[in-house]
file query.txt (compact mmCIF, C-alpha atoms and all ligand atoms)
# COMPACT_ATOMS: atom_id res chain seq x y z
CA MET A 1 -174.81 -12.32 -10.38
CA TRP A 2 -177.79 -10.41 -11.72
CA ARG A 3 -178.51 -6.68 -11.45
CA GLY A 4 -181.16 -4.41 -12.86
CA ILE A 5 -180.10 -0.79 -13.29
CA ILE A 6 -181.72 2.37 -14.54
CA ALA A 7 -180.02 4.58 -17.09
CA THR A 8 -180.18 8.33 -16.51
CA ASP A 9 -178.99 11.42 -18.35
CA SER A 10 -175.59 11.31 -16.64
CA PRO A 11 -173.13 8.46 -17.26
CA HIS A 12 -172.72 5.63 -14.76
CA PHE A 13 -170.28 2.75 -14.93
CA ILE A 14 -170.30 -1.05 -14.79
CA THR A 15 -167.11 -3.05 -14.33
CA SER A 16 -166.51 -6.77 -14.59
CA PRO A 17 -165.76 -8.62 -11.30
CA GLY A 18 -162.31 -7.76 -9.93
CA PHE A 19 -161.57 -5.29 -12.74
CA PRO A 20 -158.76 -4.62 -13.67
CA SER A 21 -157.36 -7.91 -12.29
CA LEU A 22 -157.54 -11.03 -14.41
CA LEU A 23 -161.02 -12.37 -15.19
CA GLY A 24 -161.90 -15.59 -13.39
CA ASP A 25 -163.16 -18.85 -14.88
CA ASN A 26 -166.85 -19.76 -15.09
CA GLU A 27 -168.21 -16.28 -14.45
CA ILE A 28 -171.83 -15.54 -15.33
CA CYS A 29 -172.86 -11.93 -14.70
CA ARG A 30 -175.90 -10.21 -16.10
CA TRP A 31 -176.87 -6.56 -15.97
CA SER A 32 -180.19 -5.37 -17.32
CA ILE A 33 -179.99 -1.67 -18.20
CA VAL A 34 -183.40 -0.04 -18.46
CA ALA A 35 -184.10 3.50 -19.60
CA ALA A 36 -187.15 5.21 -18.21
CA ASN A 37 -189.53 7.08 -20.51
CA ASP A 38 -188.94 4.67 -23.37
CA SER A 39 -185.60 6.28 -24.18
CA GLN A 40 -182.65 4.68 -25.91
CA ILE A 41 -179.36 3.84 -24.20
CA SER A 42 -175.80 4.72 -25.13
CA ILE A 43 -173.06 2.32 -23.98
CA LYS A 44 -169.36 3.11 -24.31
CA PHE A 45 -166.36 0.96 -23.44
CA PRO A 46 -163.39 2.97 -22.14
CA SER A 47 -161.71 -0.35 -21.34
CA PHE A 48 -162.29 -3.79 -22.86
CA ASP A 49 -160.22 -6.97 -22.61
CA VAL A 50 -162.43 -10.05 -22.21
CA ALA A 51 -160.80 -13.44 -22.95
CA SER A 52 -158.51 -13.91 -25.89
CA ARG A 53 -160.02 -15.26 -29.08
CA SER A 54 -159.68 -19.01 -29.47
CA ALA A 55 -157.44 -20.56 -32.12
CA GLN A 56 -160.56 -20.73 -34.33
CA GLY A 57 -161.00 -16.96 -33.90
CA ASP A 58 -164.27 -17.25 -31.99
CA CYS A 59 -165.34 -16.18 -28.51
CA SER A 60 -165.63 -19.69 -27.05
CA GLN A 61 -163.47 -18.93 -23.97
CA GLY A 62 -165.37 -15.90 -22.78
CA VAL A 63 -167.72 -13.35 -24.27
CA LEU A 64 -169.61 -10.18 -23.53
CA HIS A 65 -173.06 -10.43 -25.09
CA LEU A 66 -175.27 -7.34 -25.48
CA TYR A 67 -178.84 -8.01 -26.50
CA GLU A 68 -182.24 -6.42 -26.91
CA ARG A 69 -185.05 -8.93 -26.77
CA SER A 70 -187.87 -7.06 -28.45
CA VAL A 71 -185.89 -6.49 -31.65
CA SER A 72 -183.79 -9.71 -31.61
CA ARG A 73 -180.58 -7.71 -31.68
CA ASP A 74 -177.39 -9.43 -30.48
CA SER A 75 -173.77 -8.23 -30.34
CA TYR A 76 -170.89 -10.42 -29.15
CA TYR A 77 -167.48 -9.08 -28.14
CA CYS A 78 -164.26 -10.73 -26.98
CA GLY A 79 -160.52 -10.16 -27.12
CA ASN A 80 -158.49 -7.06 -26.42
CA VAL A 81 -160.26 -4.78 -28.85
CA SER A 82 -161.73 -1.34 -29.13
CA ILE A 83 -165.53 -1.41 -29.14
CA PRO A 84 -167.53 1.31 -30.85
CA GLU A 85 -170.30 3.08 -28.99
CA TYR A 86 -173.43 0.91 -28.78
CA LYS A 87 -176.71 2.76 -29.24
CA SER A 88 -179.78 0.78 -28.33
CA LEU A 89 -182.85 0.55 -30.51
CA THR A 90 -185.12 -0.04 -27.53
CA SER A 91 -185.28 0.95 -23.86
CA THR A 92 -183.72 -2.23 -22.41
CA VAL A 93 -180.26 -3.66 -23.03
CA VAL A 94 -179.04 -6.81 -21.30
CA VAL A 95 -175.28 -7.10 -20.75
CA LEU A 96 -174.22 -10.71 -20.18
CA LEU A 97 -170.64 -11.69 -19.31
CA THR A 98 -169.78 -15.39 -19.43
CA THR A 99 -166.36 -16.99 -19.14
CA ASN A 100 -165.51 -20.65 -19.49
CA SER A 101 -162.69 -22.70 -18.04
CA PRO A 102 -160.08 -21.69 -18.94
CA SER A 103 -161.43 -18.16 -19.31
CA GLY A 104 -158.81 -16.97 -21.76
CA GLY A 105 -157.78 -14.25 -19.31
CA GLY A 106 -158.11 -10.56 -19.93
CA THR A 107 -158.56 -7.75 -17.44
CA GLY A 108 -162.30 -7.49 -18.04
CA PHE A 109 -164.21 -4.37 -18.98
CA ARG A 110 -165.41 -1.02 -17.79
CA LEU A 111 -168.40 0.45 -19.56
CA SER A 112 -170.45 3.60 -19.19
CA TYR A 113 -174.19 3.77 -19.83
CA GLN A 114 -176.59 6.66 -20.06
CA ILE A 115 -179.76 7.71 -21.84
CA ALA A 116 -178.94 8.41 -25.48
CA SER A 117 -180.16 11.50 -27.19
CA CYS A 118 -182.71 10.75 -29.92
CA ASN A 119 -180.50 12.91 -32.13
CA GLN A 120 -178.26 10.27 -33.61
CA THR A 121 -175.79 9.82 -36.44
CA TYR A 122 -175.81 6.48 -38.21
CA SER A 123 -172.39 6.15 -39.78
CA GLU A 124 -172.36 2.43 -40.48
CA SER A 125 -172.94 1.50 -44.12
CA SER A 126 -176.25 -0.18 -43.24
CA GLY A 127 -178.61 -0.40 -40.30
CA GLN A 128 -182.09 0.04 -38.96
CA ILE A 129 -183.78 3.08 -37.45
CA LEU A 130 -186.73 2.89 -35.08
CA SER A 131 -188.93 5.67 -33.79
CA PRO A 132 -188.36 6.55 -30.11
CA GLY A 133 -190.29 4.29 -27.74
CA TRP A 134 -190.33 1.36 -30.17
CA PRO A 135 -192.04 -1.16 -29.98
CA GLY A 136 -194.54 1.02 -28.09
CA ASN A 137 -196.04 4.26 -29.35
CA TYR A 138 -193.70 7.21 -29.78
CA PRO A 139 -193.70 9.84 -27.02
CA HIS A 140 -195.44 13.20 -27.32
CA LEU A 141 -193.34 16.29 -28.05
CA SER A 142 -190.55 14.36 -29.74
CA ASN A 143 -188.03 16.28 -31.76
CA CYS A 144 -185.35 13.95 -33.09
CA GLN A 145 -182.83 14.35 -35.87
CA MET A 146 -181.42 11.15 -37.31
CA LEU A 147 -178.55 11.56 -39.73
CA ILE A 148 -177.54 8.74 -42.05
CA GLU A 149 -174.01 9.44 -43.17
CA ALA A 150 -172.45 6.79 -45.41
CA PRO A 151 -168.86 7.07 -46.69
CA SER A 152 -168.34 9.68 -49.37
CA GLY A 153 -169.11 8.42 -52.86
CA TYR A 154 -171.81 6.06 -51.56
CA SER A 155 -175.48 6.37 -52.37
CA VAL A 156 -178.15 5.63 -49.76
CA SER A 157 -181.37 3.61 -50.05
CA LEU A 158 -184.02 3.93 -47.35
CA TYR A 159 -186.74 1.28 -47.05
CA PHE A 160 -189.83 1.62 -44.86
CA HIS A 161 -190.73 -1.60 -43.07
CA ILE A 162 -193.46 -0.29 -40.74
CA PHE A 163 -194.93 3.21 -40.69
CA SER A 164 -197.77 4.78 -38.72
CA LEU A 165 -197.88 8.43 -37.63
CA GLU A 166 -200.91 10.50 -36.67
CA SER A 167 -202.79 11.47 -39.83
CA HIS A 168 -203.30 15.01 -41.07
CA GLU A 169 -203.63 16.33 -44.62
CA GLN A 170 -200.65 18.64 -44.22
CA CYS A 171 -198.91 16.46 -41.60
CA ALA A 172 -199.34 19.34 -39.14
CA PHE A 173 -199.34 17.19 -35.96
CA ASP A 174 -196.67 14.47 -36.17
CA ASP A 175 -194.34 14.05 -39.12
CA LEU A 176 -191.16 12.58 -40.49
CA GLN A 177 -189.29 14.95 -42.79
CA VAL A 178 -186.58 13.68 -45.10
CA PHE A 179 -183.86 16.11 -46.21
CA ASN A 180 -181.24 15.41 -48.83
CA GLY A 181 -177.81 16.02 -47.33
CA SER A 182 -176.63 16.29 -43.75
CA SER A 183 -178.63 19.28 -42.48
CA ASP A 184 -182.18 20.57 -42.44
CA THR A 185 -181.11 23.39 -44.74
CA GLY A 186 -180.76 20.81 -47.53
CA PRO A 187 -183.61 20.21 -49.97
CA LEU A 188 -186.70 18.79 -48.22
CA LEU A 189 -187.51 15.62 -50.16
CA PHE A 190 -190.60 14.41 -48.28
CA THR A 191 -192.88 15.18 -45.34
CA LEU A 192 -194.48 11.92 -44.26
CA CYS A 193 -197.35 11.09 -41.88
CA GLY A 194 -200.44 8.90 -41.64
CA PRO A 195 -200.84 5.14 -41.89
CA THR A 196 -199.56 4.53 -45.44
CA LEU A 197 -196.22 2.82 -45.92
CA PRO A 198 -194.12 5.29 -47.95
CA SER A 199 -192.24 4.22 -51.07
CA PRO A 200 -188.51 3.66 -50.61
CA ILE A 201 -186.21 6.66 -50.95
CA PHE A 202 -183.13 6.49 -53.17
CA THR A 203 -180.58 9.23 -53.10
CA PRO A 204 -177.35 9.58 -55.04
CA SER A 205 -175.81 11.50 -52.14
CA ASN A 206 -174.18 9.80 -49.14
CA ALA A 207 -176.21 11.65 -46.50
CA LEU A 208 -179.89 11.86 -45.55
CA LEU A 209 -181.32 13.69 -42.57
CA LEU A 210 -184.57 12.48 -40.98
CA ARG A 211 -186.40 14.79 -38.59
CA PHE A 212 -189.21 13.32 -36.51
CA THR A 213 -191.53 15.57 -34.54
CA SER A 214 -194.70 14.81 -32.60
CA ASP A 215 -197.19 17.13 -30.92
CA ASP A 216 -198.74 16.78 -27.46
CA SER A 217 -201.58 14.36 -28.25
CA LEU A 218 -202.41 11.17 -30.19
CA ALA A 219 -199.39 8.97 -30.78
CA GLN A 220 -199.12 5.95 -33.08
CA SER A 221 -196.61 3.11 -33.35
CA GLY A 222 -194.09 5.13 -35.38
CA PHE A 223 -191.65 3.70 -37.88
CA HIS A 224 -189.14 0.96 -38.53
CA LEU A 225 -186.77 1.71 -41.40
CA THR A 226 -183.83 -0.11 -42.88
CA TYR A 227 -181.18 1.72 -44.81
CA THR A 228 -178.24 0.56 -46.82
CA SER A 229 -175.57 2.23 -48.89
CA SER A 230 -173.16 1.19 -51.56
CA PRO A 231 -170.40 2.70 -53.70
CA LEU A 232 -172.07 0.99 -56.67
CA GLY A 233 -175.07 3.33 -56.70
CA CYS A 234 -177.57 0.70 -55.54
CA GLY A 235 -177.89 -2.27 -53.20
CA GLY A 236 -175.66 -2.90 -50.17
CA ASN A 237 -175.69 -4.85 -46.93
CA LEU A 238 -178.88 -5.37 -44.94
CA THR A 239 -178.50 -5.90 -41.21
CA GLY A 240 -180.93 -6.20 -38.34
CA SER A 241 -183.19 -9.14 -37.67
CA SER A 242 -185.94 -8.06 -40.02
CA GLY A 243 -186.53 -5.45 -42.68
CA THR A 244 -187.68 -4.55 -46.15
CA PHE A 245 -185.81 -3.89 -49.37
CA THR A 246 -186.78 -3.24 -52.95
CA SER A 247 -185.25 -3.14 -56.39
CA HIS A 248 -183.50 0.11 -57.25
CA LEU A 249 -185.90 3.06 -57.86
CA TYR A 250 -188.92 0.85 -57.00
CA PRO A 251 -191.84 1.18 -57.78
CA SER A 252 -190.31 2.66 -60.95
CA PRO A 253 -188.28 0.24 -63.09
CA PRO A 254 -184.54 0.10 -62.40
CA PRO A 255 -182.19 1.71 -64.92
CA ALA A 256 -181.67 -0.41 -68.05
CA ASN A 257 -178.55 -2.57 -68.16
CA SER A 258 -177.88 -2.31 -64.43
CA THR A 259 -176.97 -4.79 -61.69
CA CYS A 260 -177.69 -4.41 -57.97
CA SER A 261 -176.91 -6.81 -55.11
CA TRP A 262 -178.14 -6.94 -51.53
CA LEU A 263 -176.38 -9.05 -48.91
CA ILE A 264 -178.69 -9.97 -46.02
CA ILE A 265 -176.63 -10.59 -42.87
CA ALA A 266 -178.41 -12.31 -39.98
CA HIS A 267 -176.83 -12.15 -36.54
CA GLN A 268 -177.17 -15.89 -36.22
CA GLY A 269 -179.10 -18.74 -37.77
CA SER A 270 -181.06 -18.90 -40.94
CA HIS A 271 -183.58 -16.41 -42.20
CA VAL A 272 -186.29 -16.11 -44.77
CA VAL A 273 -186.90 -13.77 -47.70
CA GLU A 274 -190.40 -13.27 -49.05
CA PHE A 275 -191.27 -11.31 -52.17
CA GLU A 276 -194.39 -9.20 -51.68
CA ASN A 277 -194.37 -7.84 -55.23
CA PHE A 278 -192.46 -9.22 -58.18
CA ASP A 279 -192.41 -7.85 -61.73
CA VAL A 280 -189.16 -8.73 -63.48
CA LEU A 281 -190.31 -9.22 -67.05
CA LYS A 282 -189.14 -12.14 -69.10
CA GLU A 283 -187.73 -11.12 -72.46
CA PRO A 284 -190.12 -12.07 -75.26
CA GLY A 285 -188.86 -15.06 -77.25
CA HIS A 286 -186.64 -16.33 -74.43
CA PHE A 287 -187.44 -19.59 -72.74
CA GLY A 288 -185.55 -19.12 -69.47
CA CYS A 289 -184.38 -16.08 -67.50
CA SER A 290 -181.52 -14.58 -69.48
CA ASN A 291 -181.07 -10.79 -69.43
CA ASN A 292 -183.57 -9.71 -66.81
CA PHE A 293 -183.73 -11.72 -63.61
CA VAL A 294 -183.20 -12.07 -59.85
CA VAL A 295 -180.78 -14.71 -58.60
CA VAL A 296 -180.49 -15.71 -54.93
CA TYR A 297 -177.32 -17.28 -53.51
CA ASP A 298 -177.17 -19.26 -50.26
CA GLY A 299 -174.10 -17.46 -48.92
CA ARG A 300 -172.21 -14.19 -49.06
CA THR A 301 -170.69 -14.28 -52.55
CA GLU A 302 -171.57 -15.26 -56.08
CA SER A 303 -169.51 -18.40 -55.68
CA SER A 304 -172.04 -19.63 -53.08
CA PRO A 305 -174.67 -22.17 -54.21
CA ILE A 306 -177.55 -20.68 -56.21
CA ILE A 307 -180.93 -21.26 -54.55
CA ALA A 308 -182.94 -20.16 -57.58
CA THR A 309 -183.14 -17.72 -60.50
CA TYR A 310 -186.43 -15.89 -61.00
CA CYS A 311 -188.06 -13.86 -63.76
CA GLY A 312 -191.61 -13.15 -64.90
CA GLU A 313 -194.54 -11.82 -62.96
CA ASP A 314 -195.23 -14.74 -60.63
CA ARG A 315 -194.24 -14.07 -57.05
CA PRO A 316 -191.47 -16.52 -56.03
CA SER A 317 -192.21 -18.68 -53.01
CA GLN A 318 -190.47 -18.05 -49.69
CA ILE A 319 -186.67 -18.53 -49.72
CA SER A 320 -184.65 -19.73 -46.71
CA SER A 321 -180.91 -19.46 -46.13
CA SER A 322 -179.00 -22.37 -44.63
CA GLY A 323 -176.61 -20.03 -42.78
CA SER A 324 -176.33 -16.36 -41.83
CA TYR A 325 -176.03 -14.90 -45.34
CA LEU A 326 -178.26 -14.56 -48.39
CA LEU A 327 -177.15 -12.67 -51.50
CA VAL A 328 -179.88 -11.31 -53.77
CA LYS A 329 -178.72 -10.02 -57.18
CA HIS A 330 -180.98 -8.22 -59.64
CA VAL A 331 -179.80 -7.99 -63.25
CA SER A 332 -181.79 -5.68 -65.53
CA GLY A 333 -181.56 -5.74 -69.30
CA SER A 334 -183.11 -3.28 -71.74
CA GLY A 335 -186.59 -2.79 -73.22
CA LEU A 336 -189.54 -3.67 -71.02
CA ILE A 337 -188.01 -4.77 -67.72
CA GLY A 338 -190.91 -4.41 -65.26
CA SER A 339 -191.20 -2.43 -62.05
CA GLY A 340 -188.91 -4.75 -60.05
CA PHE A 341 -189.63 -6.22 -56.64
CA LYS A 342 -190.36 -5.57 -53.00
CA ALA A 343 -189.19 -8.10 -50.42
CA THR A 344 -189.03 -8.58 -46.67
CA TYR A 345 -186.66 -10.67 -44.54
CA HIS A 346 -186.98 -12.07 -41.05
CA PRO A 347 -185.59 -14.94 -38.96
CA ARG A 348 -186.86 -18.41 -39.87
CA PRO A 349 -189.55 -19.27 -37.31
CA CA B 1 -199.60 13.49 -32.23

call {"tool": "encode", "arguments": {"input": "query.txt", "output": "structure tokens"}}
result
Amino acid sequence: MWRGIIATDSPHFITSPGFPSLLGDNEICRWSIVAANDSQISIKFPSFDVASRSAQGDCSQGVLHLYERSVSRDSYYCGNVSIPEYKSLTSTVVVLLTTNSPSGGGTGFRLSYQIASCNQTYSESSGQILSPGWPGNYPHLSNCQMLIEAPSGYSVSLYFHIFSLESHEQCAFDDLQVFNGSSDTGPLLFTLCGPTLPSPIFTPSNALLLRFTSDDSLAQSGFHLTYTSSPLGCGGNLTGSSGTFTSHLYPSPPPANSTCSWLIIAHQGSHVVEFENFDVLKEPGHFGCSNNFVVVYDGRTESSPIIATYCGEDRPSQISSSGSYLLVKHVSGSGLIGSGFKATYHPRP
């Protein structure tokens, strides 16, 4: 079964075949939810029970797969679980239900879909934020507030991956304002516009408010940001298929005698990290990398195999993971430690 449906401002529902009777074997159903006007889509699951997890804990007996092609975003759900609201990054979400034989049972699902407001709260500890209309140009007369709210005690890092807003000396036409804290009454940290990729933003608080506005003419491609947060004051998880991250306080040097780690989590398959800038000074008189270095692990913890340890001013060559995780740890000593690094990650072609 295949259906294309249009999301509107009011909620509509999709149910699995026969809901709420038991799911059948060998079902393949696909719904393509499209939002007009390049809007984003909100999907909620008032009821979800799709196949039990297999003995290995995976979704091999039946799975609901939500994906967005233009940003390579995939989410897989199975079991009798509660599913958080899904907010799309783009204007099309495909919902694909497949069951095997045996299907693992379950009563199926009921979901609601509607156009999401561009005012959104990002409460996960890491994620990506795209301008409305991505990957096309942003719409005219946008007024969107995007609140990043990490758990209390965390600090937030915001990295710009792509940025292009209409240019103006005072950013009078289209702009992205960044406020410290959870409201626009907090201190205004930056007003950003034009074609230049802004430096990353590091805040010791757990909340940042972004306000994007556009006027009624001349739109550009907008922005793609990644953010992460950590109770350790720097670093954190990096999710999404591609993004940018930098050493703490980049392009200023990180604090002396500090350690930061970033865990890159790919949805599936291996991915690649490339350093665009690298300045992690070797200590004079030392032969190898001892107090000031970047070490990359092929896995999610420091007990995973080390791919390489880097220091100096030569840009390391491209690094590939063998699985879904890469851990990048930056250890800074004292004295002259260099300005750090800027890196990007993306799926391995
Ligand atoms: Ca404009």

call {"tool": "closest_atom_pairs", "arguments": {"input": "query.txt", "of": "stretch 78-159 of chain A", "to": "stretch 62-66 of chain A", "cutoff": "7 Å", "atoms": "all atoms listed in the file", "output": "CSV"}}
result
residue,atom,partner,partner_atom,distance
A:Cys78,CA,A:Val63,CA,5.1
A:Val93,CA,A:Leu66,CA,6.7
A:Val94,CA,A:Leu66,CA,5.7
A:Val95,CA,A:Leu66,CA,4.7
A:Leu96,CA,A:His65,CA,5.1
A:Leu97,CA,A:Leu64,CA,4.6
A:Thr98,CA,A:Gly62,CA,5.6
A:Thr99,CA,A:Gly62,CA,3.9
A:Asn100,CA,A:Gly62,CA,5.8
A:Ser103,CA,A:Gly62,CA,5.7
A:Gly104,CA,A:Gly62,CA,6.7

call {"tool": "residues_around", "arguments": {"input": "query.txt", "residues": "A:Cys260", "least_positions_apart": "6", "cutoff": "8 Å", "atoms": "all atoms listed in the file", "output": "list of chain:residue names"}}
result
A:Leu232, A:Cys234, A:Gly235, A:Ser247, A:His248, A:Lys329, A:His330, A:Val331

call {"tool": "closest_residue", "arguments": {"input": "query.txt", "among": "A:Ala343, A:Val273, A:Ile41, A:Ile337", "to": "A:Gln318", "atoms": "all atoms listed in the file"}}
result
A:Val273

call {"tool": "residues_around", "arguments": {"input": "query.txt", "residues": "A:Val296", "least_positions_apart": "2", "cutoff": "6 Å", "atoms": "only C-alpha atoms", "output": "list in words"}}
result
Ile306, Ile307, Ala308, Leu327 and Val328 of chain A

call {"tool": "residues_near_ligand", "arguments": {"input": "query.txt", "ligand": "ligand CA 1 (chain B)", "cutoff": "6 Å", "atoms": "only C-alpha atoms and all ligand atoms", "output": "list in words"}}
result
Glu166, Phe173, Asp174, Ser214, Asp215, Asp216, Ser217, Leu218 and Ala219 of chain A

call {"tool": "closest_residue", "arguments": {"input": "query.txt", "among": "A:Ser88, A:Cys193, A:Ser320, A:Leu158", "to": "A:Leu249", "atoms": "only C-alpha atoms"}}
result
A:Leu158

call {"tool": "residues_around", "arguments": {"input": "query.txt", "residues": "A:Pro251", "least_positions_apart": "2", "cutoff": "9 Å", "atoms": "only C-alpha atoms", "output": "PyMOL selection string"}}
result
chain A and resi 199-200+246-249+253-254+339-342

call {"tool": "closest_residue", "arguments": {"input": "query.txt", "among": "A:Pro132, A:Pro204, A:Gly243, A:Gly24", "to": "A:Gln40", "atoms": "all atoms listed in the file"}}
result
A:Pro132

call {"tool": "closest_residue", "arguments": {"input": "query.txt", "among": "A:Val156, A:Ile265, A:Leu89, A:Ile115", "to": "A:Gly136", "atoms": "only C-alpha atoms"}}
result
A:Leu89

call {"tool": "closest_residue", "arguments": {"input": "query.txt", "among": "A:Tyr310, A:Phe275, A:Phe19, A:Phe13", "to": "A:Gly288", "atoms": "all atoms listed in the file"}}
result
A:Tyr310

call {"tool": "residues_around", "arguments": {"input": "query.txt", "residues": "A:Thr196", "least_positions_apart": "5", "cutoff": "10 Å", "atoms": "only C-alpha atoms", "output": "list in words"}}
result
Ile162, Phe163, Ser164, Leu165 and Ser167 of chain A

call {"tool": "closest_residue", "arguments": {"input": "query.txt", "among": "A:Gly79, A:Pro151, A:Gly222, A:Gly312", "to": "A:His286", "atoms": "all atoms listed in the file"}}
result
A:Gly312

call {"tool": "atom_distance", "arguments": {"input": "query.txt", "atom1": "atom CA of A:Glu283", "atom2": "atom CA of A:Glu302"}}
result
23.4 Å

call {"tool": "atom_distance", "arguments": {"input": "query.txt", "atom1": "atom CA of A:Ala116", "atom2": "atom CA of A:Glu68"}}
result
15.3 Å

call {"tool": "atom_distance", "arguments": {"input": "query.txt", "atom1": "atom CA of A:Ser258", "atom2": "atom CA of A:Gly333"}}
result
7.0 Å

call {"tool": "residues_near_point", "arguments": {"input": "query.txt", "point": "(-178.2, -20.7, -40.9)", "cutoff": "8 Å", "atoms": "only C-alpha atoms", "output": "number ranges by chain"}}
result
A: 268-271, 321-325

call {"tool": "residues_near_point", "arguments": {"input": "query.txt", "point": "(-162.5, -1.6, -31.8)", "cutoff": "12 Å", "atoms": "all atoms listed in the file", "output": "list in words"}}
result
Lys44, Phe45, Pro46, Ser47, Phe48, Asp49, Tyr77, Cys78, Gly79, Asn80, Val81, Ser82, Ile83, Pro84, Glu85 and Tyr86 of chain A

call {"tool": "residues_around", "arguments": {"input": "query.txt", "residues": "A:Pro20", "least_positions_apart": "2", "cutoff": "10 Å", "atoms": "only C-alpha atoms", "output": "list in words"}}
result
Thr15, Ser16, Pro17, Gly18, Leu22, Leu23, Ser47, Phe48, Asp49, Gly106, Thr107, Gly108, Phe109 and Arg110 of chain A
